[in-house]
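Here is the file entry-v6.tsv (TSV, C-alpha atoms).
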chain	number	residue	atom	x	y	z
A	139	MET	CA	8.64	27.79	6.99
A	140	LYS	CA	8.50	24.49	8.88
A	141	ARG	CA	9.90	21.93	6.48
A	142	ASN	CA	9.84	19.26	9.19
A	143	LYS	CA	6.09	18.92	8.66
A	144	ILE	CA	6.75	17.42	5.20
A	145	ARG	CA	6.86	13.65	4.70
A	146	ALA	CA	7.78	12.34	1.26
A	147	GLY	CA	7.91	8.80	-0.11
A	148	CYS	CA	6.78	6.41	-2.83
A	149	THR	CA	3.51	4.74	-3.81
A	150	GLY	CA	4.66	1.29	-2.77
A	151	TRP	CA	7.93	-0.45	-2.04
A	152	SER	CA	7.78	-3.93	-3.59
A	153	TYR	CA	9.56	-3.62	-6.94
A	154	ASP	CA	12.18	-6.08	-8.14
A	155	ASP	CA	13.60	-3.41	-10.47
A	156	TRP	CA	14.75	-1.50	-7.37
A	157	ILE	CA	17.17	-4.29	-6.42
A	158	GLY	CA	20.57	-2.84	-7.20
A	159	PRO	CA	19.73	0.84	-7.76
A	160	PHE	CA	17.92	1.09	-4.40
A	161	TYR	CA	17.76	-2.19	-2.50
A	162	PRO	CA	21.06	-4.04	-1.90
A	163	LEU	CA	21.84	-6.83	-4.32
A	164	GLY	CA	20.45	-10.11	-3.06
A	165	SER	CA	17.52	-8.50	-1.26
A	166	GLN	CA	14.38	-10.59	-0.91
A	167	PRO	CA	10.81	-9.23	-0.82
A	168	HIS	CA	10.68	-9.50	2.99
A	169	ASP	CA	13.72	-7.20	3.14
A	170	PHE	CA	12.16	-4.41	1.10
A	171	LEU	CA	9.95	-2.56	3.60
A	172	PRO	CA	12.45	-2.62	6.50
A	173	PHE	CA	15.11	-1.14	4.20
A	174	TYR	CA	12.71	1.36	2.61
A	175	SER	CA	11.64	2.64	6.03
A	176	LYS	CA	15.25	3.52	6.87
A	177	VAL	CA	15.45	5.81	3.82
A	178	PHE	CA	11.97	7.33	3.71
A	179	ASP	CA	9.59	8.19	6.55
A	180	ILE	CA	6.28	7.47	4.80
A	181	VAL	CA	4.78	5.25	2.11
A	182	GLU	CA	1.47	5.17	0.28
A	183	ILE	CA	0.20	1.58	0.18
A	184	ASP	CA	-1.01	1.05	-3.37
A	185	THR	CA	-1.74	-2.68	-3.10
A	186	THR	CA	-4.85	-2.08	-0.96
A	187	PHE	CA	-6.44	-0.56	-4.05
A	188	TYR	CA	-6.58	-4.03	-5.58
A	189	SER	CA	-7.55	-6.07	-2.51
A	190	THR	CA	-8.01	-5.77	1.23
A	191	PRO	CA	-4.97	-7.17	3.05
A	192	ASN	CA	-5.22	-9.74	5.82
A	193	SER	CA	-4.51	-8.75	9.40
A	194	TRP	CA	-1.27	-10.76	9.59
A	195	LEU	CA	0.23	-8.79	6.71
A	196	VAL	CA	-0.93	-5.45	8.12
A	197	ASN	CA	0.57	-6.27	11.51
A	198	ARG	CA	3.85	-7.18	9.86
A	199	TRP	CA	3.99	-3.84	8.03
A	200	ASN	CA	3.63	-2.17	11.39
A	201	GLU	CA	6.17	-4.39	13.15
A	202	VAL	CA	9.02	-4.04	10.62
A	203	THR	CA	8.90	-0.24	10.44
A	204	PRO	CA	10.18	2.22	13.06
A	205	ASP	CA	7.87	4.10	15.39
A	206	ASN	CA	8.33	7.38	13.51
A	207	PHE	CA	7.35	5.84	10.17
A	208	SER	CA	3.94	6.59	8.62
A	209	PHE	CA	1.53	5.02	6.16
A	210	THR	CA	-1.24	6.27	3.94
A	211	VAL	CA	-3.58	3.69	2.44
A	212	LYS	CA	-5.58	3.62	-0.78
A	213	ILE	CA	-9.22	2.67	-0.45
A	214	PRO	CA	-10.07	-0.44	-2.51
A	215	GLN	CA	-11.22	-0.02	-6.11
A	216	MET	CA	-14.29	-2.09	-5.24
A	217	ILE	CA	-15.53	1.00	-3.38
A	218	THR	CA	-14.19	3.78	-5.62
A	219	HIS	CA	-14.37	2.29	-9.11
A	220	GLU	CA	-16.81	-0.62	-9.08
A	221	ARG	CA	-19.34	0.70	-6.56
A	222	ARG	CA	-18.52	4.34	-7.44
A	223	LEU	CA	-19.06	5.36	-3.81
A	224	ARG	CA	-22.46	3.71	-3.69
A	225	ALA	CA	-23.65	0.79	-1.53
A	226	TYR	CA	-20.16	0.29	-0.12
A	227	ASP	CA	-20.86	-0.07	3.62
A	228	ALA	CA	-19.88	-3.72	4.01
A	229	GLU	CA	-16.70	-3.39	1.96
A	230	LEU	CA	-15.60	-0.22	3.76
A	231	SER	CA	-16.23	-1.71	7.20
A	232	SER	CA	-14.19	-4.78	6.31
A	233	PHE	CA	-11.38	-2.63	4.92
A	234	LEU	CA	-11.20	-0.33	7.94
A	235	ALA	CA	-11.15	-3.32	10.29
A	236	ALA	CA	-8.33	-4.91	8.29
A	237	ILE	CA	-6.01	-1.89	8.49
A	238	GLN	CA	-6.46	-1.18	12.20
A	239	GLY	CA	-3.10	-2.83	12.82
A	240	LEU	CA	-1.36	0.19	11.27
A	241	ARG	CA	-2.45	2.58	13.99
A	242	PRO	CA	-0.99	4.91	15.21
A	243	LYS	CA	1.22	5.07	12.11
A	244	LEU	CA	-1.77	5.50	9.79
A	245	LYS	CA	-1.92	9.10	8.59
A	246	CYS	CA	-4.82	9.02	6.19
A	247	LEU	CA	-6.87	7.17	3.61
A	248	LEU	CA	-6.82	8.04	-0.09
A	249	ALA	CA	-9.90	7.67	-2.28
A	250	GLN	CA	-8.73	7.75	-5.90
A	251	LEU	CA	-11.77	8.15	-8.14
A	252	PRO	CA	-11.82	7.07	-11.81
A	253	PRO	CA	-11.78	9.62	-14.66
A	254	SER	CA	-15.37	8.68	-15.52
A	255	PHE	CA	-16.53	9.75	-12.05
A	256	ASN	CA	-17.93	13.20	-12.86
A	257	TYR	CA	-19.65	16.15	-11.23
A	258	ARG	CA	-23.00	15.82	-13.03
A	259	ASP	CA	-23.58	12.14	-12.31
A	260	ASP	CA	-21.59	11.58	-9.13
A	261	PHE	CA	-21.46	14.71	-6.97
A	262	ASN	CA	-24.25	13.41	-4.72
A	263	ALA	CA	-22.40	10.13	-4.21
A	264	LEU	CA	-19.24	12.02	-3.29
A	265	GLU	CA	-21.21	14.21	-0.89
A	266	GLU	CA	-22.78	11.25	0.89
A	267	PHE	CA	-19.43	9.46	1.05
A	268	VAL	CA	-17.44	12.26	2.66
A	269	LYS	CA	-20.22	12.92	5.17
A	270	ASP	CA	-20.87	9.29	6.11
A	271	GLU	CA	-17.24	8.25	6.04
A	272	LYS	CA	-16.19	11.05	8.39
A	273	ALA	CA	-17.51	9.12	11.38
A	274	SER	CA	-16.45	5.66	10.27
A	275	ARG	CA	-12.77	6.52	9.80
A	276	ASN	CA	-12.49	7.36	13.49
A	277	GLY	CA	-10.15	10.31	13.32
A	278	VAL	CA	-8.03	9.13	10.40
A	279	GLY	CA	-7.61	11.75	7.66
A	280	LEU	CA	-9.15	11.39	4.22
A	281	ALA	CA	-7.82	12.65	0.89
A	282	VAL	CA	-9.85	12.48	-2.31
A	283	GLU	CA	-8.24	12.40	-5.75
A	284	LEU	CA	-10.68	13.55	-8.43
A	285	ARG	CA	-9.60	12.65	-11.96
A	286	ASN	CA	-12.33	14.50	-13.82
A	287	THR	CA	-11.99	18.27	-14.22
A	288	SER	CA	-15.74	18.78	-13.94
A	289	PHE	CA	-15.23	18.56	-10.17
A	290	PHE	CA	-12.84	21.50	-10.13
A	291	ARG	CA	-15.36	24.11	-8.98
A	292	ASP	CA	-16.32	25.94	-5.80
A	293	GLU	CA	-19.10	23.51	-4.88
A	294	THR	CA	-16.60	20.67	-4.60
A	295	ILE	CA	-14.08	22.75	-2.68
A	296	ASP	CA	-16.79	23.84	-0.23
A	297	LEU	CA	-17.99	20.26	0.28
A	298	LEU	CA	-14.51	18.98	1.07
A	299	TRP	CA	-13.67	21.94	3.29
A	300	GLU	CA	-16.86	21.60	5.32
A	301	ASN	CA	-16.10	17.92	5.95
A	302	ASP	CA	-12.36	18.31	6.59
A	303	VAL	CA	-11.45	16.22	3.55
A	304	CYS	CA	-8.25	16.97	1.64
A	305	LEU	CA	-8.41	17.57	-2.10
A	306	ALA	CA	-5.39	15.63	-3.33
A	307	TRP	CA	-3.10	17.64	-5.57
A	308	SER	CA	-2.43	15.11	-8.30
A	309	VAL	CA	-0.16	15.35	-11.33
A	310	ASN	CA	-1.68	12.81	-13.72
A	311	GLN	CA	-2.58	12.28	-17.37
A	312	TYR	CA	-6.30	12.86	-16.91
A	313	THR	CA	-6.65	16.33	-15.42
A	314	GLY	CA	-3.48	18.16	-16.43
A	315	ASP	CA	-3.13	20.99	-13.93
A	316	PHE	CA	-4.84	20.77	-10.56
A	317	PRO	CA	-6.50	23.43	-8.38
A	318	ALA	CA	-4.02	24.18	-5.59
A	319	ARG	CA	-6.72	24.62	-2.98
A	320	VAL	CA	-6.43	23.69	0.68
A	321	THR	CA	-9.54	21.92	2.01
A	322	GLY	CA	-8.26	20.31	5.20
A	323	ASP	CA	-5.48	20.37	7.76
A	324	PHE	CA	-2.98	18.56	5.52
A	325	LEU	CA	-1.80	18.59	1.91
A	326	TYR	CA	-1.52	15.44	-0.20
A	327	LEU	CA	0.56	15.72	-3.39
A	328	ARG	CA	0.94	12.85	-5.87
A	329	PHE	CA	3.25	12.60	-8.88
A	330	ILE	CA	1.62	9.96	-11.10
A	331	GLY	CA	2.86	8.96	-14.57
A	332	ASP	CA	0.86	7.61	-17.49
A	333	ARG	CA	2.35	4.09	-17.62
A	334	GLN	CA	4.40	4.58	-20.76
A	335	LEU	CA	7.40	3.43	-18.74
A	336	THR	CA	7.72	-0.25	-17.88
A	337	LYS	CA	11.26	-0.46	-16.47
A	338	PHE	CA	11.80	1.09	-13.06
A	339	ASP	CA	15.52	1.12	-12.36
A	340	ARG	CA	16.50	4.71	-13.19
A	341	ILE	CA	15.15	8.19	-13.97
A	342	GLN	CA	14.13	8.27	-17.63
A	343	LEU	CA	12.13	11.51	-17.90
A	344	ASP	CA	13.29	14.94	-16.78
A	345	ARG	CA	10.48	16.28	-14.58
A	346	THR	CA	12.59	18.89	-12.78
A	347	ALA	CA	10.52	21.90	-13.87
A	348	LEU	CA	7.29	20.26	-12.75
A	349	LEU	CA	8.76	19.30	-9.38
A	350	GLU	CA	9.95	22.86	-8.88
A	351	GLU	CA	6.57	24.30	-9.79
A	352	CYS	CA	4.75	21.96	-7.41
A	353	TRP	CA	7.14	22.85	-4.60
A	354	LYS	CA	6.32	26.54	-5.16
A	355	ARG	CA	2.64	25.69	-4.71
A	356	VAL	CA	3.30	23.63	-1.60
A	357	SER	CA	5.53	26.26	-0.04
A	358	SER	CA	2.88	28.94	-0.59
A	359	GLU	CA	0.38	26.95	1.49
A	360	ILE	CA	2.62	25.14	3.95
A	361	ASN	CA	1.87	27.50	6.82
A	362	SER	CA	-1.87	26.86	6.48
A	363	VAL	CA	-1.68	23.11	7.15
A	364	ASP	CA	-0.34	20.82	9.85
A	365	GLU	CA	1.31	18.26	7.57
A	366	VAL	CA	2.30	17.71	3.95
A	367	PHE	CA	2.47	14.27	2.31
A	368	VAL	CA	4.23	13.89	-1.04
A	369	PHE	CA	4.38	10.72	-3.13
A	370	SER	CA	5.63	9.58	-6.52
A	371	ASN	CA	5.05	6.42	-8.48
A	372	ASN	CA	7.59	4.85	-10.83
A	373	HIS	CA	5.70	5.86	-13.96
A	374	PHE	CA	6.17	9.58	-13.27
A	375	ALA	CA	9.87	9.66	-14.23
A	376	GLY	CA	11.02	6.04	-14.16
A	377	PHE	CA	12.32	5.55	-10.63
A	378	ALA	CA	10.24	6.81	-7.72
A	379	PRO	CA	12.98	6.85	-5.05
A	380	ASP	CA	15.08	9.30	-7.07
A	381	THR	CA	12.04	11.43	-7.90
A	382	ILE	CA	11.36	11.86	-4.21
A	383	LYS	CA	15.01	12.51	-3.43
A	384	GLN	CA	15.00	15.21	-6.11
A	385	PHE	CA	11.83	16.77	-4.72
A	386	LYS	CA	13.31	16.79	-1.22
A	387	LYS	CA	16.44	18.50	-2.52
A	388	ILE	CA	14.34	21.16	-4.26
A	389	ALA	CA	12.39	21.66	-1.01
A	390	GLY	CA	15.59	21.97	1.01
A	391	LEU	CA	15.00	18.73	2.86
A	392	GLY	CA	18.40	17.24	2.10

Show me the file's structure as structure tokens.
Amino acid sequence: MKRNKIRAGCTGWSYDDWIGPFYPLGSQPHDFLPFYSKVFDIVEIDTTFYSTPNSWLVNRWNEVTPDNFSFTVKIPQMITHERRLRAYDAELSSFLAAIQGLRPKLKCLLAQLPPSFNYRDDFNALEEFVKDEKASRNGVGLAVELRNTSFFRDETIDLLWENDVCLAWSVNQYTGDFPARVTGDFLYLRFIGDRQLTKFDRIQLDRTALLEECWKRVSSEINSVDEVFVFSNNHFAGFAPDTIKQFKKIAGLG
């Protein structure tokens, strides 16, 4: 088993609550990403979900991280939630242009769909999106997180497989368990909490059993993919850096 193909990190890095338990005391926001990138080798950029960043900021993210560091980027909610994968061409083009400064560190894009996005009403929109977007992303991977269980069927798996789109394995409050199906050349696993926690300075929920179970699923498929990306947010257990450190220990990654 090639564990060196696994990259694990957090869904963001800019949290004042991490000053002390993770960032050195006295750290300022501009210190966060350079320090983070010395501890972890990948991050999921969550802020792009809320707005498209300007090119100066994107270039800075690239400049302050080492060459072997990687990013994944969430597609804006304007496209996934407001437009519901419909009539999004202008917004997507603007977004893709804005994040070009992250290449070649950009591993993939993540399209997180809302729980109301469902198979009956929205399968055709998903189908058109994954087919059209395949060309526009210019070789960058795509993962899709579906938060409605109506999509968990063979038709969806076949669609994603045929278009080399990864079905994100997501632990979240909406779907419960997830289908551990491989639909592309990488795995994308997310540990997402339900926002009952509001303080992010320590582990507050014991999620050990769930982390162990997810690692079993990853390890059973690791030889069928080129890379594995694993992320946690703070809401999952209270403190994302320690969640990822625990997962890495379970996986034998140190």

Find the nearest atom pair between each residue of segment 172-278 of chain A and segment 355-376 of chain A for residues within 9 Å, count all atoms listed in the file, give distances in Å to one decimal, sort rows by chain and ascending number, and present the table as a tab-separated table.
residue	atom	partner	partner_atom	distance
A:Ile180	CA	A:Phe367	CA	8.2
A:Val181	CA	A:Phe369	CA	7.6
A:Glu182	CA	A:Phe369	CA	7.1
A:Thr210	CA	A:Phe367	CA	9.0

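When only C-alpha atoms are used to measure the gap to Pro159 of chain A, the shortest distance among A:Ile388, A:Ile341, A:Leu230, A:Ala281 belongs to A:Ile341.
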
**Study point:** Protein/DNA/RNA residues near (-9.3, 12.4, 8.4), cut 9 Å, only C-alpha atoms, as a ChimeraX atom specification
**Key:** /A:245-247,272,275-281,302-304,322-323

Give as a short mmCIF file (atom, residue, chain, number, x, y, z; two decimals) with C-alpha atoms, in the coordinates of the input the set of residues within 8 Å of the point (-9.1, -6.2, 9.0), where distances use the file's coordinates and all atoms listed in the file.
data_model
loop_
_atom_site.label_atom_id
_atom_site.label_comp_id
_atom_site.auth_asym_id
_atom_site.auth_seq_id
_atom_site.Cartn_x
_atom_site.Cartn_y
_atom_site.Cartn_z
CA THR A 190 -8.01 -5.77 1.23
CA PRO A 191 -4.97 -7.17 3.05
CA ASN A 192 -5.22 -9.74 5.82
CA SER A 193 -4.51 -8.75 9.40
CA SER A 232 -14.19 -4.78 6.31
CA PHE A 233 -11.38 -2.63 4.92
CA LEU A 234 -11.20 -0.33 7.94
CA ALA A 235 -11.15 -3.32 10.29
CA ALA A 236 -8.33 -4.91 8.29
CA ILE A 237 -6.01 -1.89 8.49
CA GLN A 238 -6.46 -1.18 12.20
CA GLY A 239 -3.10 -2.83 12.82
#

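Between atom CA of Arg221 of chain A and atom CA of Gly314 of chain A there is a distance of 25.6 Å.
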
Review point. Any idea what the distance is between atom CA of Asp169 of chain A and atom CA of Val202 of chain A?
Key: 9.4 Å
